[in-house]
file input.pdb (PDB, C-alpha atoms, pLDDT in the B column)
MODEL        1
ATOM      1  CA  MET A1385       4.394-127.777 -25.052  1.00 60.00           C
ATOM      2  CA  SER A1386       2.259-125.009 -26.499  1.00 68.00           C
ATOM      3  CA  ASP A1387       3.369-122.260 -28.849  1.00 80.00           C
ATOM      4  CA  GLN A1388       4.239-118.894 -27.387  1.00 85.00           C
ATOM      5  CA  ILE A1389       2.267-115.902 -28.585  1.00 89.00           C
ATOM      6  CA  GLN A1390       2.746-112.172 -28.846  1.00 94.00           C
ATOM      7  CA  VAL A1391      -0.222-109.810 -28.829  1.00 95.00           C
ATOM      8  CA  THR A1392       0.268-106.760 -31.057  1.00 95.00           C
ATOM      9  CA  PHE A1393      -1.481-103.422 -30.550  1.00 94.00           C
ATOM     10  CA  ASP A1394      -1.724-100.734 -33.222  1.00 94.00           C
ATOM     11  CA  ALA A1395      -1.173 -97.407 -31.480  1.00 95.00           C
ATOM     12  CA  HIS A1396      -0.644 -93.695 -31.989  1.00 96.00           C
ATOM     13  CA  ASP A1397       1.688 -93.521 -28.975  1.00 97.00           C
ATOM     14  CA  PRO A1398       3.356 -96.916 -28.406  1.00 97.00           C
ATOM     15  CA  ARG A1399       5.355 -95.754 -25.379  1.00 97.00           C
ATOM     16  CA  ALA A1400       2.349 -94.378 -23.506  1.00 97.00           C
ATOM     17  CA  LEU A1401       0.152 -97.369 -24.347  1.00 97.00           C
ATOM     18  CA  SER A1402       2.844 -99.887 -23.381  1.00 98.00           C
ATOM     19  CA  THR A1403       3.422 -98.044 -20.104  1.00 98.00           C
ATOM     20  CA  PHE A1404      -0.316 -98.173 -19.361  1.00 98.00           C
ATOM     21  CA  TRP A1405      -0.493-101.929 -20.006  1.00 98.00           C
ATOM     22  CA  ARG A1406       2.776-102.481 -18.080  1.00 98.00           C
ATOM     23  CA  ASP A1407       1.127-100.903 -15.036  1.00 98.00           C
ATOM     24  CA  VAL A1408      -2.159-102.789 -15.544  1.00 97.00           C
ATOM     25  CA  LEU A1409      -0.531-106.203 -15.830  1.00 97.00           C
ATOM     26  CA  GLY A1410       2.590-105.860 -13.688  1.00 97.00           C
ATOM     27  CA  TYR A1411       4.775-106.416 -16.761  1.00 98.00           C
ATOM     28  CA  VAL A1412       8.150-104.817 -17.500  1.00 97.00           C
ATOM     29  CA  HIS A1413       9.751-103.061 -20.441  1.00 97.00           C
ATOM     30  CA  PRO A1414      12.726-105.162 -21.555  1.00 96.00           C
ATOM     31  CA  GLY A1415      16.070-103.421 -22.026  1.00 95.00           C
ATOM     32  CA  PRO A1416      17.696-102.931 -25.427  1.00 95.00           C
ATOM     33  CA  PRO A1417      19.515-105.880 -27.000  1.00 93.00           C
ATOM     34  CA  GLY A1418      23.022-106.397 -25.680  1.00 91.00           C
ATOM     35  CA  VAL A1419      22.577-103.885 -22.846  1.00 92.00           C
ATOM     36  CA  ASP A1420      22.942-105.112 -19.250  1.00 90.00           C
ATOM     37  CA  LEU A1421      20.762-102.877 -17.127  1.00 91.00           C
ATOM     38  CA  PRO A1422      21.325-102.423 -13.409  1.00 91.00           C
ATOM     39  CA  GLU A1423      18.267-103.540 -11.416  1.00 88.00           C
ATOM     40  CA  ASP A1424      17.154 -99.966 -10.669  1.00 91.00           C
ATOM     41  CA  ALA A1425      17.702 -98.657 -14.229  1.00 94.00           C
ATOM     42  CA  ASP A1426      14.861 -97.224 -16.315  1.00 96.00           C
ATOM     43  CA  PRO A1427      14.550 -99.433 -19.420  1.00 97.00           C
ATOM     44  CA  LEU A1428      12.799 -96.675 -21.399  1.00 96.00           C
ATOM     45  CA  ALA A1429      15.692 -94.266 -20.731  1.00 95.00           C
ATOM     46  CA  ALA A1430      18.073 -97.040 -21.791  1.00 95.00           C
ATOM     47  CA  TRP A1431      16.103 -97.393 -25.032  1.00 96.00           C
ATOM     48  CA  ASP A1432      16.320 -93.626 -25.622  1.00 95.00           C
ATOM     49  CA  ASP A1433      20.113 -93.801 -25.245  1.00 94.00           C
ATOM     50  CA  PHE A1434      20.353 -96.945 -27.376  1.00 95.00           C
ATOM     51  CA  LEU A1435      18.296 -95.467 -30.227  1.00 96.00           C
ATOM     52  CA  ALA A1436      20.201 -92.165 -30.119  1.00 95.00           C
ATOM     53  CA  GLN A1437      23.541 -94.019 -30.301  1.00 94.00           C
ATOM     54  CA  ALA A1438      22.177 -96.103 -33.193  1.00 95.00           C
ATOM     55  CA  GLY A1439      21.380 -92.885 -35.084  1.00 96.00           C
ATOM     56  CA  VAL A1440      17.604 -93.325 -35.058  1.00 95.00           C
ATOM     57  CA  PRO A1441      16.050 -89.875 -35.599  1.00 96.00           C
ATOM     58  CA  GLU A1442      14.144 -88.594 -32.563  1.00 93.00           C
ATOM     59  CA  GLU A1443      10.814 -88.521 -34.435  1.00 93.00           C
ATOM     60  CA  GLN A1444      11.150 -92.286 -35.116  1.00 94.00           C
ATOM     61  CA  ARG A1445      11.977 -93.367 -31.543  1.00 94.00           C
ATOM     62  CA  ASN A1446       8.355 -93.923 -30.501  1.00 96.00           C
ATOM     63  CA  THR A1447       7.348 -96.174 -33.385  1.00 96.00           C
ATOM     64  CA  ARG A1448       7.370 -99.370 -31.316  1.00 96.00           C
ATOM     65  CA  SER A1449       7.502-100.605 -27.757  1.00 97.00           C
ATOM     66  CA  ALA A1450       7.108-103.918 -25.954  1.00 97.00           C
ATOM     67  CA  ILE A1451       6.404-105.285 -22.511  1.00 98.00           C
ATOM     68  CA  GLU A1452       6.975-108.725 -21.067  1.00 97.00           C
ATOM     69  CA  ASP A1453       5.801-110.787 -18.120  1.00 97.00           C
ATOM     70  CA  PRO A1454       8.700-110.680 -15.628  1.00 96.00           C
ATOM     71  CA  ASP A1455       7.915-114.294 -14.667  1.00 96.00           C
ATOM     72  CA  GLY A1456       7.956-115.428 -18.301  1.00 93.00           C
ATOM     73  CA  ASN A1457       4.450-116.915 -18.159  1.00 94.00           C
ATOM     74  CA  GLY A1458       2.236-114.435 -20.012  1.00 94.00           C
ATOM     75  CA  PRO A1459       2.467-113.374 -23.640  1.00 95.00           C
ATOM     76  CA  ARG A1460       4.715-110.554 -24.803  1.00 96.00           C
ATOM     77  CA  LEU A1461       2.776-107.429 -25.798  1.00 97.00           C
ATOM     78  CA  PHE A1462       4.083-105.424 -28.757  1.00 97.00           C
ATOM     79  CA  PHE A1463       2.913-101.898 -29.629  1.00 97.00           C
ATOM     80  CA  ARG A1464       3.484-100.488 -33.111  1.00 96.00           C
ATOM     81  CA  GLN A1465       2.750 -97.010 -34.333  1.00 96.00           C
ATOM     82  CA  VAL A1466       0.138 -96.653 -37.051  1.00 94.00           C
ATOM     83  CA  PRO A1467      -1.264 -93.455 -38.573  1.00 91.00           C
ATOM     84  CA  GLU A1468      -4.936 -94.440 -38.680  1.00 89.00           C
ATOM     85  CA  ASP A1469      -7.434 -94.078 -35.848  1.00 85.00           C
ATOM     86  CA  LYS A1470      -9.338 -96.963 -34.314  1.00 83.00           C
ATOM     87  CA  VAL A1471     -12.677 -96.828 -36.148  1.00 83.00           C
ATOM     88  CA  ALA A1472     -14.674 -99.774 -34.768  1.00 82.00           C
ATOM     89  CA  LYS A1473     -14.927-102.131 -31.828  1.00 78.00           C
ATOM     90  CA  ASN A1474     -11.798-104.229 -31.540  1.00 81.00           C
ATOM     91  CA  ARG A1475     -12.385-107.850 -32.543  1.00 79.00           C
ATOM     92  CA  VAL A1476      -9.915-109.208 -29.981  1.00 83.00           C
ATOM     93  CA  HIS A1477      -9.609-107.859 -26.488  1.00 85.00           C
ATOM     94  CA  ILE A1478      -7.816-108.669 -23.286  1.00 90.00           C
ATOM     95  CA  ASP A1479      -9.648-109.911 -20.209  1.00 93.00           C
ATOM     96  CA  VAL A1480      -7.773-108.891 -17.074  1.00 96.00           C
ATOM     97  CA  ARG A1481      -8.456-111.595 -14.463  1.00 95.00           C
ATOM     98  CA  ALA A1482      -8.802-109.276 -11.473  1.00 95.00           C
ATOM     99  CA  ALA A1483     -10.943-111.474  -9.209  1.00 96.00           C
ATOM    100  CA  PRO A1484      -9.965-115.127  -9.650  1.00 94.00           C
ATOM    101  CA  GLY A1485     -11.845-117.480  -7.352  1.00 93.00           C
ATOM    102  CA  LEU A1486     -14.220-114.800  -6.057  1.00 95.00           C
ATOM    103  CA  GLU A1487     -17.980-114.821  -6.539  1.00 93.00           C
ATOM    104  CA  GLY A1488     -20.942-112.507  -6.058  1.00 94.00           C
ATOM    105  CA  GLU A1489     -20.448-109.251  -4.174  1.00 96.00           C
ATOM    106  CA  LYS A1490     -16.850-110.088  -3.186  1.00 97.00           C
ATOM    107  CA  ARG A1491     -16.007-110.545  -6.856  1.00 96.00           C
ATOM    108  CA  MET A1492     -17.711-107.333  -7.918  1.00 97.00           C
ATOM    109  CA  ALA A1493     -16.044-105.390  -5.070  1.00 98.00           C
ATOM    110  CA  ALA A1494     -12.623-106.649  -6.232  1.00 98.00           C
ATOM    111  CA  LEU A1495     -13.447-105.656  -9.818  1.00 98.00           C
ATOM    112  CA  GLU A1496     -14.577-102.205  -8.680  1.00 98.00           C
ATOM    113  CA  ALA A1497     -11.345-101.696  -6.714  1.00 98.00           C
ATOM    114  CA  GLU A1498      -9.266-102.653  -9.751  1.00 98.00           C
ATOM    115  CA  CYS A1499     -11.440-100.436 -11.948  1.00 98.00           C
ATOM    116  CA  GLU A1500     -10.656 -97.454  -9.707  1.00 98.00           C
ATOM    117  CA  ARG A1501      -6.912 -98.193  -9.929  1.00 98.00           C
ATOM    118  CA  LEU A1502      -7.031 -98.426 -13.717  1.00 98.00           C
ATOM    119  CA  VAL A1503      -9.102 -95.248 -14.112  1.00 98.00           C
ATOM    120  CA  ALA A1504      -6.340 -93.482 -12.163  1.00 98.00           C
ATOM    121  CA  LEU A1505      -3.872 -94.821 -14.782  1.00 98.00           C
ATOM    122  CA  GLY A1506      -5.970 -93.313 -17.591  1.00 98.00           C
ATOM    123  CA  ALA A1507      -8.458 -96.091 -18.419  1.00 98.00           C
ATOM    124  CA  THR A1508     -12.104 -95.333 -19.119  1.00 98.00           C
ATOM    125  CA  ARG A1509     -14.929 -97.242 -17.454  1.00 98.00           C
ATOM    126  CA  ILE A1510     -17.583 -98.179 -20.027  1.00 98.00           C
ATOM    127  CA  ARG A1511     -20.135-100.341 -18.198  1.00 98.00           C
ATOM    128  CA  ARG A1512     -20.658-102.910 -15.466  1.00 98.00           C
ATOM    129  CA  HIS A1513     -22.335-106.259 -16.101  1.00 97.00           C
ATOM    130  CA  GLU A1514     -23.924-107.763 -13.000  1.00 96.00           C
ATOM    131  CA  PRO A1515     -23.610-111.480 -12.247  1.00 94.00           C
ATOM    132  CA  THR A1516     -26.304-113.579 -13.953  1.00 93.00           C
ATOM    133  CA  PRO A1517     -25.962-117.133 -12.610  1.00 86.00           C
ATOM    134  CA  PRO A1518     -25.317-119.808 -13.530  1.00 86.00           C
ATOM    135  CA  LEU A1519     -22.960-118.709 -16.324  1.00 90.00           C
ATOM    136  CA  GLY A1520     -22.538-114.951 -15.987  1.00 92.00           C
ATOM    137  CA  VAL A1521     -20.180-114.132 -13.120  1.00 94.00           C
ATOM    138  CA  GLY A1522     -20.117-110.365 -13.700  1.00 96.00           C
ATOM    139  CA  HIS A1523     -17.482-108.133 -15.269  1.00 97.00           C
ATOM    140  CA  ILE A1524     -16.614-104.499 -16.024  1.00 98.00           C
ATOM    141  CA  VAL A1525     -15.944-103.268 -19.567  1.00 97.00           C
ATOM    142  CA  MET A1526     -13.209-100.640 -19.857  1.00 97.00           C
ATOM    143  CA  ALA A1527     -11.077 -98.945 -22.511  1.00 96.00           C
ATOM    144  CA  ASP A1528      -7.365 -98.192 -22.530  1.00 96.00           C
ATOM    145  CA  LEU A1529      -5.742 -94.860 -23.420  1.00 96.00           C
ATOM    146  CA  GLU A1530      -6.450 -95.308 -27.140  1.00 95.00           C
ATOM    147  CA  GLY A1531      -9.979 -96.715 -26.874  1.00 93.00           C
ATOM    148  CA  ASN A1532      -9.214-100.440 -27.042  1.00 94.00           C
ATOM    149  CA  GLU A1533     -11.853-102.250 -25.016  1.00 94.00           C
ATOM    150  CA  PHE A1534     -10.927-104.800 -22.367  1.00 95.00           C
ATOM    151  CA  CYS A1535     -12.754-106.428 -19.492  1.00 96.00           C
ATOM    152  CA  LEU A1536     -12.055-106.773 -15.825  1.00 97.00           C
ATOM    153  CA  ASP A1537     -13.095-110.359 -15.365  1.00 94.00           C
TER     154      ASP A1537
ENDMDL
END
call {"tool": "encode", "arguments": {"input": "input.pdb", "output": "structure tokens"}}
result
Amino acid sequence: MSDQIQVTFDAHDPRALSTFWRDVLGYVHPGPPGVDLPEDADPLAAWDDFLAQAGVPEEQRNTRSAIEDPDGNGPRLFFRQVPEDKVAKNRVHIDVRAAPGLEGEKRMAALEAECERLVALGATRIRRHEPTPPLGVGHIVMADLEGNEFCLD
């Protein structure tokens, strides 16, 4: 059995960044501890209520956020508010496997379709790398809402 991991993002706006990645990956925001949410409930609204009832000042309610794989397979992503800007290329980035098993033009077409979807969510397209056989299968470099680079792979 392997260890579980959590990937942590420094962010100016944890809620917005977690919502972006939730929509990219098909993850969910978990509800607050000890709160049973109905299936159609908004977990972020539940968090707002939970934090207000706990006496957390409104200006401190967007200091952290998290998303989880609803199937329990992928890592938990945690977003924490930091005051500093991102000043250099991130040393770790996420590869979103958007075209598993596809090759050549079919692969690149699938990556382009996913790129369009993510741009509509607020991502920025940076550049496309064409396939270079035998090892390079092609990918698209993108950035999230706060400039963190990731690849559609």
call {"tool": "closest_atom_pairs", "arguments": {"input": "input.pdb", "of": "region 1441-1473 of chain A", "to": "region 1387-1408 of chain A", "cutoff": "7 Å", "atoms": "all atoms listed in the file", "output": "CSV"}}
result
residue,atom,partner,partner_atom,distance
A:Asn1446,CA,A:Pro1398,CA,6.2
A:Thr1447,CA,A:Pro1398,CA,6.4
A:Arg1448,CA,A:Pro1398,CA,5.5
A:Ser1449,CA,A:Pro1398,CA,5.6
A:Ala1450,CA,A:Ser1402,CA,6.4
A:Ile1451,CA,A:Arg1406,CA,6.4
A:Pro1459,CA,A:Gln1390,CA,5.4
A:Arg1460,CA,A:Gln1390,CA,4.8
A:Leu1461,CA,A:Val1391,CA,4.9
A:Phe1462,CA,A:Thr1392,CA,4.7
A:Phe1463,CA,A:Phe1393,CA,4.7
A:Arg1464,CA,A:Asp1394,CA,5.2
A:Gln1465,CA,A:Ala1395,CA,4.9
A:Val1466,CA,A:Ala1395,CA,5.8
A:Pro1467,CA,A:His1396,CA,6.6
call {"tool": "write_last_selection", "arguments": {"input": "input.pdb", "atoms": "C-alpha atoms", "output": "mmCIF file, in the coordinates of the input"}}
result
data_model
loop_
_atom_site.group_PDB
_atom_site.id
_atom_site.type_symbol
_atom_site.label_atom_id
_atom_site.label_comp_id
_atom_site.auth_asym_id
_atom_site.auth_seq_id
_atom_site.Cartn_x
_atom_site.Cartn_y
_atom_site.Cartn_z
ATOM 1 C CA ASN A 1446 8.355 -93.923 -30.501
ATOM 2 C CA THR A 1447 7.348 -96.174 -33.385
ATOM 3 C CA ARG A 1448 7.370 -99.370 -31.316
ATOM 4 C CA SER A 1449 7.502 -100.605 -27.757
ATOM 5 C CA ALA A 1450 7.108 -103.918 -25.954
ATOM 6 C CA ILE A 1451 6.404 -105.285 -22.511
ATOM 7 C CA PRO A 1459 2.467 -113.374 -23.640
ATOM 8 C CA ARG A 1460 4.715 -110.554 -24.803
ATOM 9 C CA LEU A 1461 2.776 -107.429 -25.798
ATOM 10 C CA PHE A 1462 4.083 -105.424 -28.757
ATOM 11 C CA PHE A 1463 2.913 -101.898 -29.629
ATOM 12 C CA ARG A 1464 3.484 -100.488 -33.111
ATOM 13 C CA GLN A 1465 2.750 -97.010 -34.333
ATOM 14 C CA VAL A 1466 0.138 -96.653 -37.051
ATOM 15 C CA PRO A 1467 -1.264 -93.455 -38.573
#
call {"tool": "residues_around", "arguments": {"input": "input.pdb", "residues": "region 1501-1516 of chain A", "least_positions_apart": "3", "cutoff": "12 Å", "atoms": "only C-alpha atoms", "output": "VMD selection string"}}
result
chain A and resid 1400 to 1401 1403 to 1409 1480 1482 1486 to 1498 1519 to 1537
call {"tool": "write_last_selection", "arguments": {"input": "input.pdb", "atoms": "C-alpha atoms", "output": "mmCIF file, keeping the file's coordinate frame"}}
result
data_model
loop_
_atom_site.group_PDB
_atom_site.id
_atom_site.type_symbol
_atom_site.label_atom_id
_atom_site.label_comp_id
_atom_site.auth_asym_id
_atom_site.auth_seq_id
_atom_site.Cartn_x
_atom_site.Cartn_y
_atom_site.Cartn_z
ATOM 1 C CA ALA A 1400 2.349 -94.378 -23.506
ATOM 2 C CA LEU A 1401 0.152 -97.369 -24.347
ATOM 3 C CA THR A 1403 3.422 -98.044 -20.104
ATOM 4 C CA PHE A 1404 -0.316 -98.173 -19.361
ATOM 5 C CA TRP A 1405 -0.493 -101.929 -20.006
ATOM 6 C CA ARG A 1406 2.776 -102.481 -18.080
ATOM 7 C CA ASP A 1407 1.127 -100.903 -15.036
ATOM 8 C CA VAL A 1408 -2.159 -102.789 -15.544
ATOM 9 C CA LEU A 1409 -0.531 -106.203 -15.830
ATOM 10 C CA VAL A 1480 -7.773 -108.891 -17.074
ATOM 11 C CA ALA A 1482 -8.802 -109.276 -11.473
ATOM 12 C CA LEU A 1486 -14.220 -114.800 -6.057
ATOM 13 C CA GLU A 1487 -17.980 -114.821 -6.539
ATOM 14 C CA GLY A 1488 -20.942 -112.507 -6.058
ATOM 15 C CA GLU A 1489 -20.448 -109.251 -4.174
ATOM 16 C CA LYS A 1490 -16.850 -110.088 -3.186
ATOM 17 C CA ARG A 1491 -16.007 -110.545 -6.856
ATOM 18 C CA MET A 1492 -17.711 -107.333 -7.918
ATOM 19 C CA ALA A 1493 -16.044 -105.390 -5.070
ATOM 20 C CA ALA A 1494 -12.623 -106.649 -6.232
ATOM 21 C CA LEU A 1495 -13.447 -105.656 -9.818
ATOM 22 C CA GLU A 1496 -14.577 -102.205 -8.680
ATOM 23 C CA ALA A 1497 -11.345 -101.696 -6.714
ATOM 24 C CA GLU A 1498 -9.266 -102.653 -9.751
ATOM 25 C CA LEU A 1519 -22.960 -118.709 -16.324
ATOM 26 C CA GLY A 1520 -22.538 -114.951 -15.987
ATOM 27 C CA VAL A 1521 -20.180 -114.132 -13.120
ATOM 28 C CA GLY A 1522 -20.117 -110.365 -13.700
ATOM 29 C CA HIS A 1523 -17.482 -108.133 -15.269
ATOM 30 C CA ILE A 1524 -16.614 -104.499 -16.024
ATOM 31 C CA VAL A 1525 -15.944 -103.268 -19.567
ATOM 32 C CA MET A 1526 -13.209 -100.640 -19.857
ATOM 33 C CA ALA A 1527 -11.077 -98.945 -22.511
ATOM 34 C CA ASP A 1528 -7.365 -98.192 -22.530
ATOM 35 C CA LEU A 1529 -5.742 -94.860 -23.420
ATOM 36 C CA GLU A 1530 -6.450 -95.308 -27.140
ATOM 37 C CA GLY A 1531 -9.979 -96.715 -26.874
ATOM 38 C CA ASN A 1532 -9.214 -100.440 -27.042
ATOM 39 C CA GLU A 1533 -11.853 -102.250 -25.016
ATOM 40 C CA PHE A 1534 -10.927 -104.800 -22.367
ATOM 41 C CA CYS A 1535 -12.754 -106.428 -19.492
ATOM 42 C CA LEU A 1536 -12.055 -106.773 -15.825
ATOM 43 C CA ASP A 1537 -13.095 -110.359 -15.365
#
call {"tool": "atom_distance", "arguments": {"input": "input.pdb", "atom1": "CA of Gly1410 (chain A)", "atom2": "CA of Arg1445 (chain A)"}}
result
23.7 Å
call {"tool": "residues_around", "arguments": {"input": "input.pdb", "residues": "region 1411-1415 of chain A", "least_positions_apart": "6", "cutoff": "8 Å", "atoms": "only C-alpha atoms", "output": "ChimeraX atom specification"}}
result
/A:1405,1421,1427-1428,1430-1431,1450-1454
